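Here's run-v7.txt, which has compact mmCIF, C-alpha atoms:
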# COMPACT_ATOMS: atom_id res chain seq x y z
CA MET A 785 0.00 0.00 0.00
CA LYS A 786 2.85 2.34 0.95
CA LYS A 787 4.47 1.54 -2.37
CA VAL A 788 1.32 2.47 -4.27
CA ILE A 789 0.92 5.73 -2.36
CA SER A 790 4.54 6.65 -3.03
CA TYR A 791 4.06 5.98 -6.74
CA VAL A 792 0.93 8.13 -6.78
CA PHE A 793 2.84 10.95 -5.15
CA PHE A 794 5.70 10.48 -7.57
CA TYR A 795 3.28 10.62 -10.49
CA ALA A 796 1.41 13.66 -9.17
CA PHE A 797 4.61 15.53 -8.38
CA PHE A 798 6.11 15.13 -11.85
CA CYS A 799 2.80 15.84 -13.59
CA LEU A 800 2.47 19.10 -11.68
CA LEU A 801 6.10 19.98 -12.35
CA GLN A 802 5.89 19.28 -16.06
CA PHE A 803 2.41 20.52 -16.94
CA PHE A 804 1.54 23.27 -14.47
CA PHE A 805 4.78 24.78 -13.18
CA GLY A 806 6.56 24.36 -16.48
CA LYS A 807 5.41 27.70 -17.82
CA TYR A 808 6.93 29.49 -14.79
CA LEU A 809 10.27 27.69 -15.08
CA THR A 810 10.76 28.03 -18.82
CA VAL A 811 13.60 30.19 -20.11
CA GLY A 812 13.27 31.32 -23.70
CA GLY A 813 10.84 28.51 -24.43
CA ILE A 814 13.36 25.91 -23.24
CA PHE A 815 12.15 23.68 -20.47
CA PRO A 816 13.69 20.39 -19.30
CA ASN A 817 11.84 17.12 -19.75
CA PHE A 818 11.39 16.19 -16.08
CA ILE A 819 9.17 13.26 -16.90
CA LEU A 820 11.83 11.66 -19.06
CA ILE A 821 14.33 11.98 -16.19
CA ALA A 822 11.75 10.49 -13.78
CA VAL A 823 11.14 7.46 -16.04
CA VAL A 824 14.90 6.84 -16.44
CA TYR A 825 15.36 7.20 -12.68
CA LEU A 826 12.60 4.65 -12.05
CA GLY A 827 14.18 2.26 -14.55
CA PHE A 828 17.55 2.54 -12.83
CA SER A 829 16.25 2.25 -9.28
CA ARG A 830 13.08 0.11 -9.49
CA GLY A 831 13.30 -1.92 -12.66
CA ARG A 832 11.33 -2.47 -15.82
CA ILE A 833 7.84 -3.04 -14.43
CA SER A 834 7.70 0.20 -12.48
CA ALA A 835 9.46 2.24 -15.14
CA GLN A 836 7.34 1.13 -18.09
CA THR A 837 4.06 1.36 -16.16
CA MET A 838 4.85 4.86 -14.93
CA GLY A 839 6.13 5.75 -18.39
CA PHE A 840 2.82 4.64 -19.85
CA CYS A 841 0.84 6.68 -17.28
CA PHE A 842 3.01 9.78 -17.74
CA GLY A 843 2.80 9.48 -21.51
CA LEU A 844 -0.95 9.05 -21.49
CA THR A 845 -1.39 12.10 -19.25
CA TRP A 846 0.93 14.14 -21.41
CA ASP A 847 -0.89 13.04 -24.56
CA VAL A 848 -4.19 14.13 -23.06
CA PHE A 849 -2.71 17.52 -22.19
CA SER A 850 -1.35 18.12 -25.69
CA THR A 851 -2.67 18.60 -29.19
CA ASP A 852 -0.03 16.38 -30.82
CA VAL A 853 -0.59 12.85 -32.13
CA PHE A 854 -2.47 11.07 -29.38
CA GLY A 855 -0.57 8.04 -28.07
CA ALA A 856 2.88 9.07 -29.34
CA ARG A 857 4.25 10.06 -25.92
CA THR A 858 2.58 7.05 -24.28
CA LEU A 859 4.45 4.77 -26.66
CA MET A 860 7.79 6.59 -26.34
CA LEU A 861 7.85 6.78 -22.55
CA THR A 862 6.77 3.12 -22.23
CA VAL A 863 9.64 2.07 -24.47
CA ILE A 864 12.12 4.29 -22.60
CA GLY A 865 10.87 2.93 -19.26
CA TYR A 866 11.32 -0.65 -20.47
CA PHE A 867 14.85 -0.15 -21.81
CA SER A 868 16.08 1.95 -18.89
CA GLY A 869 14.68 -0.74 -16.58
CA MET A 870 16.92 -3.26 -18.32
CA PHE A 871 19.92 -1.47 -16.78
CA ASN A 872 18.52 -1.72 -13.27
CA ARG A 873 21.41 -2.54 -10.88
CA GLN A 874 23.84 -2.85 -13.78
CA PHE A 875 24.98 0.75 -13.36
CA ASP A 876 25.57 2.77 -10.27
CA LYS A 877 22.67 5.16 -10.41
CA ASP A 878 24.54 7.61 -8.17
CA GLN A 879 27.26 8.06 -10.77
CA ILE A 880 26.66 11.29 -12.61
CA ALA A 881 28.17 9.98 -15.86
CA ALA A 882 25.77 7.04 -15.93
CA GLN A 883 22.81 9.31 -15.20
CA VAL A 884 23.76 11.83 -17.86
CA THR A 885 24.48 9.18 -20.49
CA ALA A 886 21.24 7.35 -19.80
CA VAL A 887 19.11 10.50 -19.99
CA PHE A 888 20.96 11.66 -23.10
CA LEU A 889 20.30 8.33 -24.83
CA ALA A 890 16.69 8.38 -23.63
CA SER A 891 16.31 11.89 -25.08
CA LEU A 892 17.68 10.67 -28.40
CA VAL A 893 15.28 7.73 -28.38
CA TYR A 894 12.45 10.10 -27.49
CA TRP A 895 13.36 12.50 -30.32
CA ALA A 896 13.87 9.69 -32.86
CA GLY A 897 10.62 7.96 -31.85
CA PHE A 898 8.68 11.19 -32.00
CA SER A 899 10.12 12.01 -35.40
CA THR A 900 9.21 8.53 -36.66
CA VAL A 901 5.62 8.92 -35.47
CA TYR A 902 5.33 12.33 -37.15
CA PHE A 903 7.01 11.01 -40.25
CA ILE A 904 4.37 8.28 -40.53
CA LEU A 905 1.44 10.39 -39.29
CA PRO A 906 2.19 13.98 -40.29
CA GLU A 907 -1.33 15.31 -39.71
CA GLY A 908 -0.75 16.63 -36.15
CA SER A 909 2.78 17.94 -36.64
CA ARG A 910 1.92 21.58 -37.51
CA ASN A 911 5.40 23.15 -38.01
CA TYR A 912 7.35 20.23 -36.53
CA VAL A 913 9.78 18.75 -39.07
CA PRO A 914 10.63 15.10 -38.34
CA PHE A 915 14.34 14.27 -37.88
CA ALA A 916 15.31 17.95 -38.17
CA VAL A 917 18.05 19.00 -35.74
CA THR A 918 17.02 22.43 -34.46
CA LEU A 919 18.56 24.73 -31.89
CA PRO A 920 15.58 24.72 -29.49
CA GLY A 921 15.39 20.93 -29.69
CA THR A 922 19.10 20.53 -29.04
CA LEU A 923 18.99 23.04 -26.20
CA LYS A 924 16.11 21.20 -24.64
CA ILE A 925 18.09 17.95 -24.65
CA VAL A 926 21.14 19.74 -23.24
CA VAL A 927 19.12 21.37 -20.44
CA THR A 928 17.44 18.05 -19.63
CA VAL A 929 20.80 16.29 -19.49
CA LEU A 930 22.33 19.04 -17.37
CA ILE A 931 19.55 19.05 -14.84
CA THR A 932 19.51 15.25 -14.55
CA PRO A 933 22.09 14.94 -11.69
CA LEU A 934 20.09 17.43 -9.64
CA VAL A 935 16.80 15.57 -10.17
CA PHE A 936 18.47 12.24 -9.41
CA TRP A 937 19.98 13.69 -6.25
CA VAL A 938 16.59 15.03 -5.10
CA LEU A 939 14.90 11.74 -5.82
CA ASN A 940 17.62 9.76 -4.03
CA PHE A 941 17.33 12.09 -1.09
CA ALA A 942 13.54 11.65 -1.04
CA SER A 943 14.03 7.90 -1.21
CA VAL A 944 16.34 7.97 1.79
CA LEU A 945 13.88 10.11 3.72
CA LYS A 946 11.04 7.75 2.84
CA ARG A 947 13.03 4.73 4.03
CA ARG A 948 13.91 6.48 7.27
CA TYR A 949 10.55 7.95 8.25
CA LEU A 950 7.87 5.79 6.55
CA MET B 828 13.78 -18.30 -10.50
CA ILE B 829 11.88 -15.32 -9.09
CA ASN B 830 13.94 -12.98 -11.25
CA ASN B 831 13.09 -15.01 -14.32
CA ARG B 832 9.41 -14.87 -13.52
CA LYS B 833 9.67 -11.12 -12.91
CA ARG B 834 11.46 -10.66 -16.22
CA LYS B 835 8.79 -12.63 -18.04
CA PHE B 836 6.04 -10.60 -16.38
CA ALA B 837 7.85 -7.39 -17.33
CA ASP B 838 8.09 -8.54 -20.96
CA ILE B 839 4.40 -9.45 -21.13
CA LEU B 840 3.45 -6.15 -19.50
CA PHE B 841 5.65 -4.31 -21.98
CA ILE B 842 3.90 -5.97 -24.90
CA ILE B 843 0.48 -5.12 -23.44
CA LEU B 844 1.44 -1.48 -22.83
CA LEU B 845 2.98 -1.24 -26.28
CA ALA B 846 -0.22 -2.62 -27.83
CA ALA B 847 -2.23 -0.12 -25.79
CA GLY B 848 0.03 2.68 -27.03
CA PHE B 849 -0.48 1.64 -30.66
CA ALA B 850 -4.22 1.31 -30.05
CA LEU B 851 -4.25 4.89 -28.76
CA ILE B 852 -2.44 6.08 -31.87
CA ILE B 853 -4.99 4.30 -34.05
CA ALA B 854 -7.91 5.57 -31.91
CA ARG B 855 -6.69 9.16 -32.20
CA SER B 856 -8.24 9.48 -35.66
CA THR B 857 -11.76 8.80 -34.35
CA PRO B 858 -13.51 12.15 -33.90
CA PHE B 859 -14.98 11.17 -30.55
CA VAL B 860 -11.57 10.43 -28.97
CA GLY B 861 -10.09 13.57 -30.53
CA LEU B 862 -12.96 15.67 -29.25
CA ILE B 863 -12.62 14.45 -25.65
CA LYS B 864 -8.83 14.76 -25.66
CA ASN B 865 -8.88 18.30 -27.04
CA PHE B 866 -11.63 19.31 -24.70
CA ILE B 867 -9.57 18.16 -21.68
CA TYR B 868 -6.59 20.01 -23.10
CA PHE B 869 -8.64 23.16 -23.59
CA VAL B 870 -9.96 23.00 -20.01
CA SER B 871 -6.37 22.70 -18.73
CA PHE B 872 -4.71 25.19 -21.09
CA PRO B 873 -7.32 27.35 -22.82
CA ASN B 874 -5.94 28.63 -26.13
CA VAL B 875 -7.13 29.37 -29.66
CA SER B 876 -5.43 26.36 -31.27
CA ALA B 877 -7.10 23.91 -28.89
CA ALA B 878 -10.47 25.62 -29.37
CA ASN B 879 -10.08 25.32 -33.15
CA LYS B 880 -9.25 21.65 -32.83
CA ILE B 881 -12.30 21.08 -30.60
CA PHE B 882 -14.55 22.67 -33.24
CA GLN B 883 -12.89 20.64 -35.98
CA TYR B 884 -13.36 17.35 -34.11
CA ALA B 885 -16.85 18.35 -32.98
CA GLY B 886 -17.65 18.99 -36.65
CA ASP B 887 -16.35 15.54 -37.59
CA PHE B 888 -18.26 14.00 -34.70
CA ALA B 889 -21.45 15.80 -35.73
CA ASP B 890 -20.88 14.67 -39.33
CA ASN B 891 -20.61 11.09 -38.15
CA ILE B 892 -23.82 11.36 -36.14
CA LYS B 893 -25.50 12.99 -39.12
CA SER B 894 -24.40 10.13 -41.36
CA ILE B 895 -25.74 7.61 -38.82
CA VAL B 896 -29.10 9.41 -38.83
CA TYR B 897 -29.12 9.44 -42.66
CA ILE B 898 -28.28 5.75 -42.76
CA ARG B 899 -31.16 5.06 -40.37
CA GLN B 900 -33.51 7.08 -42.54
CA GLU B 901 -32.30 5.26 -45.61
CA ASN B 902 -32.76 1.99 -43.80
CA LEU B 903 -36.36 2.92 -43.00
CA LEU B 904 -36.93 3.83 -46.65
CA TYR B 905 -35.49 0.53 -47.78
CA LYS B 906 -37.65 -1.33 -45.27
CA GLN B 907 -40.71 0.45 -46.68
CA LYS B 908 -39.64 -0.43 -50.22
CA ASN B 909 -39.01 -3.97 -49.15
CA GLN B 910 -42.56 -4.13 -47.76
CA GLU B 911 -43.96 -2.76 -51.02
CA LEU B 912 -41.98 -5.25 -53.06
CA SER B 913 -43.11 -8.09 -50.77
CA ASP B 914 -46.73 -7.03 -51.34
CA LYS B 915 -46.13 -6.91 -55.08
CA LEU B 916 -44.52 -10.35 -54.96
CA ARG B 917 -47.54 -11.69 -53.06
CA ASN B 918 -49.85 -10.19 -55.69
CA TYR B 919 -47.69 -11.65 -58.41
CA GLU B 920 -47.88 -15.07 -56.78
CA THR B 921 -51.69 -14.80 -56.61
CA VAL B 922 -51.82 -13.78 -60.26
CA MET B 923 -49.53 -16.68 -61.15
CA GLU B 924 -51.80 -19.07 -59.26
CA GLN B 925 -54.82 -17.74 -61.15
CA TYR B 926 -52.89 -18.01 -64.39
CA ASP B 927 -52.04 -21.64 -63.63
CA ASN B 928 -55.71 -22.30 -62.89
CA LEU B 929 -56.73 -20.71 -66.17
CA VAL B 930 -54.14 -22.73 -68.06
CA LYS B 931 -55.54 -25.85 -66.40
CA LEU B 932 -59.06 -24.83 -67.41
CA LEU B 933 -57.93 -24.32 -70.99
CA ASN B 934 -56.87 -27.96 -71.04
CA VAL B 935 -60.32 -29.17 -70.08
CA PRO B 936 -61.14 -32.30 -72.10
CA LYS B 937 -63.58 -31.60 -74.91
CA ILE B 938 -66.91 -33.40 -74.83
CA LYS B 939 -68.69 -33.88 -78.11
CA ASP B 940 -71.44 -31.38 -78.92
CA THR B 941 -71.01 -29.48 -75.65
CA GLN B 942 -69.44 -26.22 -74.70
CA SER B 943 -67.83 -25.47 -71.34
CA VAL B 944 -68.91 -22.47 -69.32
CA PHE B 945 -66.57 -21.65 -66.45
CA ALA B 946 -68.10 -20.25 -63.29
CA ARG B 947 -66.85 -19.26 -59.85
CA ILE B 948 -68.56 -20.53 -56.77
CA SER B 949 -69.88 -17.44 -55.06
CA VAL B 950 -71.86 -18.91 -52.16
CA ARG B 951 -71.50 -22.21 -50.36
CA GLU B 952 -73.32 -22.45 -47.04
CA PRO B 953 -71.34 -24.35 -44.42
CA GLY B 954 -74.56 -25.75 -42.92
CA GLU B 955 -75.62 -27.16 -46.28
CA TRP B 956 -72.16 -27.91 -47.60
CA PHE B 957 -73.05 -31.16 -49.35
CA GLN B 958 -76.42 -29.94 -50.67
CA TRP B 959 -75.96 -26.94 -52.93
CA PHE B 960 -73.89 -23.90 -53.89
CA ILE B 961 -74.37 -20.84 -56.04
CA ILE B 962 -72.27 -19.97 -59.07
CA ASP B 963 -71.76 -16.55 -60.66
CA LYS B 964 -73.16 -17.47 -64.09
CA GLY B 965 -76.83 -17.69 -64.98
CA SER B 966 -79.37 -17.56 -67.78
CA GLU B 967 -77.54 -14.58 -69.31
CA GLU B 968 -74.73 -16.98 -70.23
CA GLY B 969 -77.19 -19.55 -71.55
CA LEU B 970 -77.43 -21.69 -68.44
CA TYR B 971 -80.69 -23.37 -67.58
CA LYS B 972 -82.14 -25.99 -65.27
CA GLU B 973 -80.82 -29.58 -65.32
CA LEU B 974 -77.48 -28.78 -66.97
CA PRO B 975 -74.61 -30.93 -65.64
CA VAL B 976 -72.01 -29.23 -63.46
CA VAL B 977 -68.55 -30.77 -63.34
CA MET B 978 -65.09 -29.82 -62.06
CA LEU B 979 -61.55 -30.30 -63.28
CA ARG B 980 -59.46 -32.57 -61.11
CA ASP B 981 -55.72 -32.29 -60.59
CA ASN B 982 -55.16 -35.21 -62.95
CA GLY B 983 -56.85 -33.21 -65.75
CA GLN B 984 -60.03 -35.31 -65.79
CA LEU B 985 -63.54 -34.00 -65.27
CA CYS B 986 -65.75 -35.35 -62.51
CA ALA B 987 -69.43 -34.93 -61.72
CA VAL B 988 -70.43 -32.31 -59.17
CA GLY B 989 -74.16 -31.74 -59.60
CA ARG B 990 -76.81 -30.17 -61.77
CA ILE B 991 -78.35 -26.73 -62.06
CA MET B 992 -81.49 -26.57 -59.94
CA GLU B 993 -82.37 -22.93 -60.52
CA ALA B 994 -81.02 -20.56 -63.14
CA ARG B 995 -81.37 -16.82 -62.57
CA LYS B 996 -80.10 -13.92 -64.62
CA GLY B 997 -76.57 -13.68 -63.24
CA SER B 998 -76.34 -16.71 -60.98
CA SER B 999 -77.45 -20.30 -60.68
CA LYS B 1000 -78.09 -22.69 -57.83
CA VAL B 1001 -76.33 -26.02 -58.22
CA GLY B 1002 -77.69 -29.11 -56.48
CA LEU B 1003 -74.82 -31.45 -55.61
CA ILE B 1004 -74.83 -35.17 -56.30
CA THR B 1005 -74.40 -35.63 -52.54
CA ASN B 1006 -77.73 -33.87 -51.91
CA SER B 1007 -80.32 -36.22 -50.42
CA LEU B 1008 -82.65 -35.28 -53.29
CA SER B 1009 -80.15 -36.51 -55.87
CA ALA B 1010 -80.09 -39.97 -57.44
CA ILE B 1011 -77.97 -40.74 -60.50
CA PRO B 1012 -77.88 -43.92 -62.54
CA VAL B 1013 -74.26 -45.08 -62.35
CA GLU B 1014 -72.10 -47.93 -63.50
CA ILE B 1015 -69.17 -49.74 -61.89
CA LYS B 1016 -66.35 -49.01 -64.30
CA GLY B 1017 -65.12 -52.00 -66.27
CA LYS B 1018 -67.72 -54.37 -64.78
CA ARG B 1019 -70.85 -53.23 -66.61
CA ILE B 1020 -72.89 -53.28 -63.40
CA ASN B 1021 -75.66 -50.69 -63.33
CA CYS B 1022 -76.82 -49.27 -60.04
CA LEU B 1023 -77.98 -46.03 -58.46
CA ALA B 1024 -75.95 -43.41 -56.56
CA GLU B 1025 -78.02 -41.62 -53.95
CA GLY B 1026 -76.86 -38.65 -51.95
CA PHE B 1027 -77.46 -38.28 -48.23
CA ASN B 1028 -75.98 -34.88 -47.38
CA SER B 1029 -72.45 -36.09 -46.70
CA ASN B 1030 -69.29 -36.57 -48.74
CA LEU B 1031 -70.38 -40.14 -49.45
CA LEU B 1032 -72.85 -41.59 -51.93
CA LYS B 1033 -75.00 -44.59 -51.20
CA ILE B 1034 -74.74 -47.02 -54.10
CA THR B 1035 -77.92 -49.05 -54.21
CA TYR B 1036 -79.39 -51.74 -56.42
CA ILE B 1037 -76.10 -53.63 -56.80
CA PRO B 1038 -77.03 -57.20 -57.84
CA LEU B 1039 -76.26 -59.75 -55.12
CA ASN B 1040 -73.98 -61.76 -57.32
CA ALA B 1041 -72.07 -58.67 -58.61
CA ASN B 1042 -68.35 -58.65 -57.96
CA VAL B 1043 -67.98 -55.17 -56.44
CA GLU B 1044 -64.96 -54.32 -54.32
CA PRO B 1045 -63.69 -51.24 -52.49
CA GLY B 1046 -61.59 -49.17 -54.89
CA ASP B 1047 -63.92 -49.74 -57.87
CA GLU B 1048 -64.63 -46.53 -59.75
CA ILE B 1049 -68.17 -45.23 -60.19
CA ILE B 1050 -68.97 -43.54 -63.50
CA ALA B 1051 -72.16 -42.07 -64.96
CA SER B 1052 -74.32 -44.67 -66.68
CA PRO B 1053 -75.68 -44.20 -70.22
CA PHE B 1054 -79.11 -44.05 -68.53
CA SER B 1055 -78.17 -40.75 -66.84
CA SER B 1056 -80.15 -37.87 -68.27
CA VAL B 1057 -77.83 -35.28 -66.78
CA PHE B 1058 -74.25 -36.49 -67.09
CA ASN B 1059 -72.50 -37.88 -70.12
CA ALA B 1060 -71.92 -41.61 -69.98
CA GLY B 1061 -68.56 -42.43 -68.43
CA MET B 1062 -68.23 -39.21 -66.39
CA PRO B 1063 -66.25 -40.14 -63.24
CA ILE B 1064 -68.25 -39.73 -60.02
CA GLY B 1065 -66.43 -41.41 -57.16
CA VAL B 1066 -64.81 -44.53 -55.78
CA ILE B 1067 -66.30 -47.38 -53.72
CA LYS B 1068 -65.14 -47.25 -50.10
CA SER B 1069 -67.02 -50.10 -48.52
CA ILE B 1070 -69.64 -52.74 -49.27
CA SER B 1071 -72.56 -53.17 -46.88
CA LYS B 1072 -72.53 -56.40 -44.87
CA GLU B 1073 -76.30 -56.37 -44.29
CA LEU B 1074 -77.98 -59.50 -45.64
CA SER B 1075 -80.54 -58.85 -48.31
CA LEU B 1076 -82.52 -61.11 -50.60
CA ASP B 1077 -82.11 -59.23 -53.84
CA PHE B 1078 -79.59 -56.30 -53.86
CA LYS B 1079 -76.61 -55.13 -51.88
CA THR B 1080 -75.45 -51.57 -51.17
CA ALA B 1081 -72.09 -49.81 -50.96
CA LEU B 1082 -70.68 -46.47 -49.94
CA ALA B 1083 -68.66 -44.38 -52.40
CA GLU B 1084 -66.59 -41.28 -51.88
CA VAL B 1085 -67.21 -38.49 -54.38
CA TYR B 1086 -64.28 -37.16 -56.36
CA PHE B 1087 -65.19 -33.50 -56.19
CA GLU B 1088 -64.60 -33.31 -52.46
CA SER B 1089 -61.00 -34.54 -52.70
CA ASP B 1090 -59.95 -31.22 -54.31
CA ILE B 1091 -60.78 -27.69 -53.26
CA LEU B 1092 -63.81 -26.57 -55.23
CA TYR B 1093 -63.53 -22.92 -56.30
CA GLU B 1094 -64.51 -23.16 -59.93
CA ALA B 1095 -67.09 -25.26 -61.69
CA ILE B 1096 -67.61 -26.08 -65.34
CA ILE B 1097 -71.09 -26.25 -66.78
CA LEU B 1098 -71.43 -28.43 -69.83
CA VAL B 1099 -73.88 -26.71 -72.16
CA PRO B 1100 -75.12 -28.22 -75.44
CA LYS B 1101 -73.65 -26.39 -78.42
CA GLY B 1102 -75.69 -23.44 -79.57
CA ALA B 1103 -77.27 -22.76 -76.18
CA VAL B 1104 -74.40 -20.57 -74.93
CA LYS B 1105 -74.97 -16.86 -75.51
Translate this file's structure into structure tokens.
Amino acid sequence: MKKVISYVFFYAFFCLLQFFFGKYLTVGGIFPNFILIAVVYLGFSRGRISAQTMGFCFGLTWDVFSTDVFGARTLMLTVIGYFSGMFNRQFDKDQIAAQVTAVFLASLVYWAGFSTVYFILPEGSRNYVPFAVTLPGTLKIVVTVLITPLVFWVLNFASVLKRRYL
Amino acid sequence: MINNRKRKFADILFIILLAAGFALIIARSTPFVGLIKNFIYFVSFPNVSAANKIFQYAGDFADNIKSIVYIRQENLLYKQKNQELSDKLRNYETVMEQYDNLVKLLNVPKIKDTQSVFARISVREPGEWFQWFIIDKGSEEGLYKELPVVMLRDNGQLCAVGRIMEARKGSSKVGLITNSLSAIPVEIKGKRINCLAEGFNSNLLKITYIPLNANVEPGDEIIASPFSSVFNAGMPIGVIKSISKELSLDFKTALAEVYFESDILYEAIILVPKGAVK
């Protein structure tokens, strides 16, 4: 039960951070992908089942709150959750290099997957060009990668607190 | 072992979630899903683009509903047409049946020096079923009292039905051979035995005056005798059903079933001597 409640909190926290507080934290339209970091973190620390399930839920929520192709984010985050879960306990999740590499690769997968979906189904893309390397897109990946150690540290800290007090 | 099971479960779950993701991508094109999704988005982040999308999907959704309504209307129309065509088919089948009857009547065997007048039975009282009926032809068509009335059987042969008792202008009353007032001289076919067929208001005829030594058996056919003043000699009448077992000194009796009751009697043929028909 405690596990479920902690997952619900985890889900609610990242949803609020990404969808509602995002507009206050954005700088020049660039805003890190917190949900992607959260899914990779779950994969590293909890394994495939948790990561892919949460990835699916995050993706579905994000799809509902967007006008893009419905289901694209659900698919991408599920896949990222599954593959990051494969490296559970194979890397030291406290190592910054591992965190940064994993989130960078996940961002590439996310971008490539998204581009593929828009390449196949271009109707919802508006001015998005599939597989185009743009400055805002690159900056977004860079910011996400840079902020990853901080998010991991916060989540590890929260995990320690949870183990100690709950 | 536990790890293996966990891994398997994770793989199965991944496949299910992946399938769900693909299903969502496929479902996105349905206007209803698009409408709900964009509406939720608009409630969360109201903006012009989302509003436009809502109207676009609502339009598609409304179009779909409209097409469903049209299809239903069309369906109703087709059902109505189907009903009309069914009625027409029923009429056609009735006409075909009448046509077949007419074709059958055209093949009525010709009897020398007589003409056939076809008439429909217009009245047949259930209480006096085996006594008389009324036909829709009368003296206007040249019919008169005592003319023989016959019917066409399924095998194409004629059989005796009765005789005209009263002829009016446009109708005639036919007394059946089963009427208790009727008595016809008959012959057992192929045996040259003369006897009398008397009606007694049932579907049977009482065959009387059969000589004691006559070899009459059930199944023997009864035909009109040359002594008959109404029917032509040899006109089939019925078939012997049973021979009476009552002991008598001179004659024996039998019961015969009339032919005309074995088929449904709707039309009758009146055999009129040539020249009498108007």
If we count all atoms listed in the file and set the cut-off at 12 Å, which residues sit around Trp937 (chain A), ignoring sequence neighbours fewer than 2 positions away in its own chain? Please answer as a PyMOL selection string. chain A and resi 821-822+825+877-880+883+931-935+939-944
Just the number, please: distance in Å from CA of Ile948 (chain B) to CA of Glu1094 (chain B), one decimal. 5.8 Å
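Across the structure, CA of Tyr795 (chain A) and CA of Cys841 (chain A) are spaced 8.2 Å apart.
A straight line drawn from CA of Val1085 (chain B) to CA of Asp927 (chain B) is 24.5 Å long.
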Please identify all residues of chain A having at least one atom at most 12 Å from any atom of chain B, considering all atoms listed in the file, and return them as an mmCIF file with C-alpha atoms, in the coordinates of the input.
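Done, and the output landed in iface-v2.cif:
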data_model
loop_
_atom_site.group_PDB
_atom_site.id
_atom_site.type_symbol
_atom_site.label_atom_id
_atom_site.label_comp_id
_atom_site.auth_asym_id
_atom_site.auth_seq_id
_atom_site.Cartn_x
_atom_site.Cartn_y
_atom_site.Cartn_z
ATOM 1 C CA LEU A 800 2.470 19.100 -11.680
ATOM 2 C CA PHE A 803 2.410 20.520 -16.940
ATOM 3 C CA PHE A 804 1.540 23.270 -14.470
ATOM 4 C CA LYS A 807 5.410 27.700 -17.820
ATOM 5 C CA GLY A 827 14.180 2.260 -14.550
ATOM 6 C CA GLY A 831 13.300 -1.920 -12.660
ATOM 7 C CA ARG A 832 11.330 -2.470 -15.820
ATOM 8 C CA ILE A 833 7.840 -3.040 -14.430
ATOM 9 C CA SER A 834 7.700 0.200 -12.480
ATOM 10 C CA ALA A 835 9.460 2.240 -15.140
ATOM 11 C CA GLN A 836 7.340 1.130 -18.090
ATOM 12 C CA THR A 837 4.060 1.360 -16.160
ATOM 13 C CA MET A 838 4.850 4.860 -14.930
ATOM 14 C CA GLY A 839 6.130 5.750 -18.390
ATOM 15 C CA PHE A 840 2.820 4.640 -19.850
ATOM 16 C CA CYS A 841 0.840 6.680 -17.280
ATOM 17 C CA GLY A 843 2.800 9.480 -21.510
ATOM 18 C CA LEU A 844 -0.950 9.050 -21.490
ATOM 19 C CA THR A 845 -1.390 12.100 -19.250
ATOM 20 C CA TRP A 846 0.930 14.140 -21.410
ATOM 21 C CA ASP A 847 -0.890 13.040 -24.560
ATOM 22 C CA VAL A 848 -4.190 14.130 -23.060
ATOM 23 C CA PHE A 849 -2.710 17.520 -22.190
ATOM 24 C CA SER A 850 -1.350 18.120 -25.690
ATOM 25 C CA THR A 851 -2.670 18.600 -29.190
ATOM 26 C CA ASP A 852 -0.030 16.380 -30.820
ATOM 27 C CA VAL A 853 -0.590 12.850 -32.130
ATOM 28 C CA PHE A 854 -2.470 11.070 -29.380
ATOM 29 C CA GLY A 855 -0.570 8.040 -28.070
ATOM 30 C CA ALA A 856 2.880 9.070 -29.340
ATOM 31 C CA ARG A 857 4.250 10.060 -25.920
ATOM 32 C CA THR A 858 2.580 7.050 -24.280
ATOM 33 C CA LEU A 859 4.450 4.770 -26.660
ATOM 34 C CA MET A 860 7.790 6.590 -26.340
ATOM 35 C CA LEU A 861 7.850 6.780 -22.550
ATOM 36 C CA THR A 862 6.770 3.120 -22.230
ATOM 37 C CA VAL A 863 9.640 2.070 -24.470
ATOM 38 C CA ILE A 864 12.120 4.290 -22.600
ATOM 39 C CA GLY A 865 10.870 2.930 -19.260
ATOM 40 C CA TYR A 866 11.320 -0.650 -20.470
ATOM 41 C CA PHE A 867 14.850 -0.150 -21.810
ATOM 42 C CA GLY A 869 14.680 -0.740 -16.580
ATOM 43 C CA MET A 870 16.920 -3.260 -18.320
ATOM 44 C CA ASN A 872 18.520 -1.720 -13.270
ATOM 45 C CA VAL A 901 5.620 8.920 -35.470
ATOM 46 C CA TYR A 902 5.330 12.330 -37.150
ATOM 47 C CA ILE A 904 4.370 8.280 -40.530
ATOM 48 C CA LEU A 905 1.440 10.390 -39.290
ATOM 49 C CA GLU A 907 -1.330 15.310 -39.710
ATOM 50 C CA GLY A 908 -0.750 16.630 -36.150
ATOM 51 C CA ARG A 910 1.920 21.580 -37.510
#
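With all atoms listed in the file as the atoms that count, the minimum distance from Ile925 (chain A) to the choices A:Leu892, A:Leu826, A:Leu809, A:Val792 is reached by A:Leu892.
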Polymer residues at most 7 Å from Val976 (chain B), all atoms listed in the file, same-chain spacing of 4 or more positions, as an mmCIF file with C-alpha atoms, in the frame of the given file:
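Final output, around34.cif:
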data_model
loop_
_atom_site.group_PDB
_atom_site.id
_atom_site.type_symbol
_atom_site.label_atom_id
_atom_site.label_comp_id
_atom_site.auth_asym_id
_atom_site.auth_seq_id
_atom_site.Cartn_x
_atom_site.Cartn_y
_atom_site.Cartn_z
ATOM 1 C CA ALA B 987 -69.430 -34.930 -61.720
ATOM 2 C CA VAL B 988 -70.430 -32.310 -59.170
ATOM 3 C CA GLY B 989 -74.160 -31.740 -59.600
ATOM 4 C CA ARG B 990 -76.810 -30.170 -61.770
ATOM 5 C CA ILE B 991 -78.350 -26.730 -62.060
ATOM 6 C CA ALA B 1095 -67.090 -25.260 -61.690
ATOM 7 C CA ILE B 1096 -67.610 -26.080 -65.340
ATOM 8 C CA ILE B 1097 -71.090 -26.250 -66.780
ATOM 9 C CA LEU B 1098 -71.430 -28.430 -69.830
#
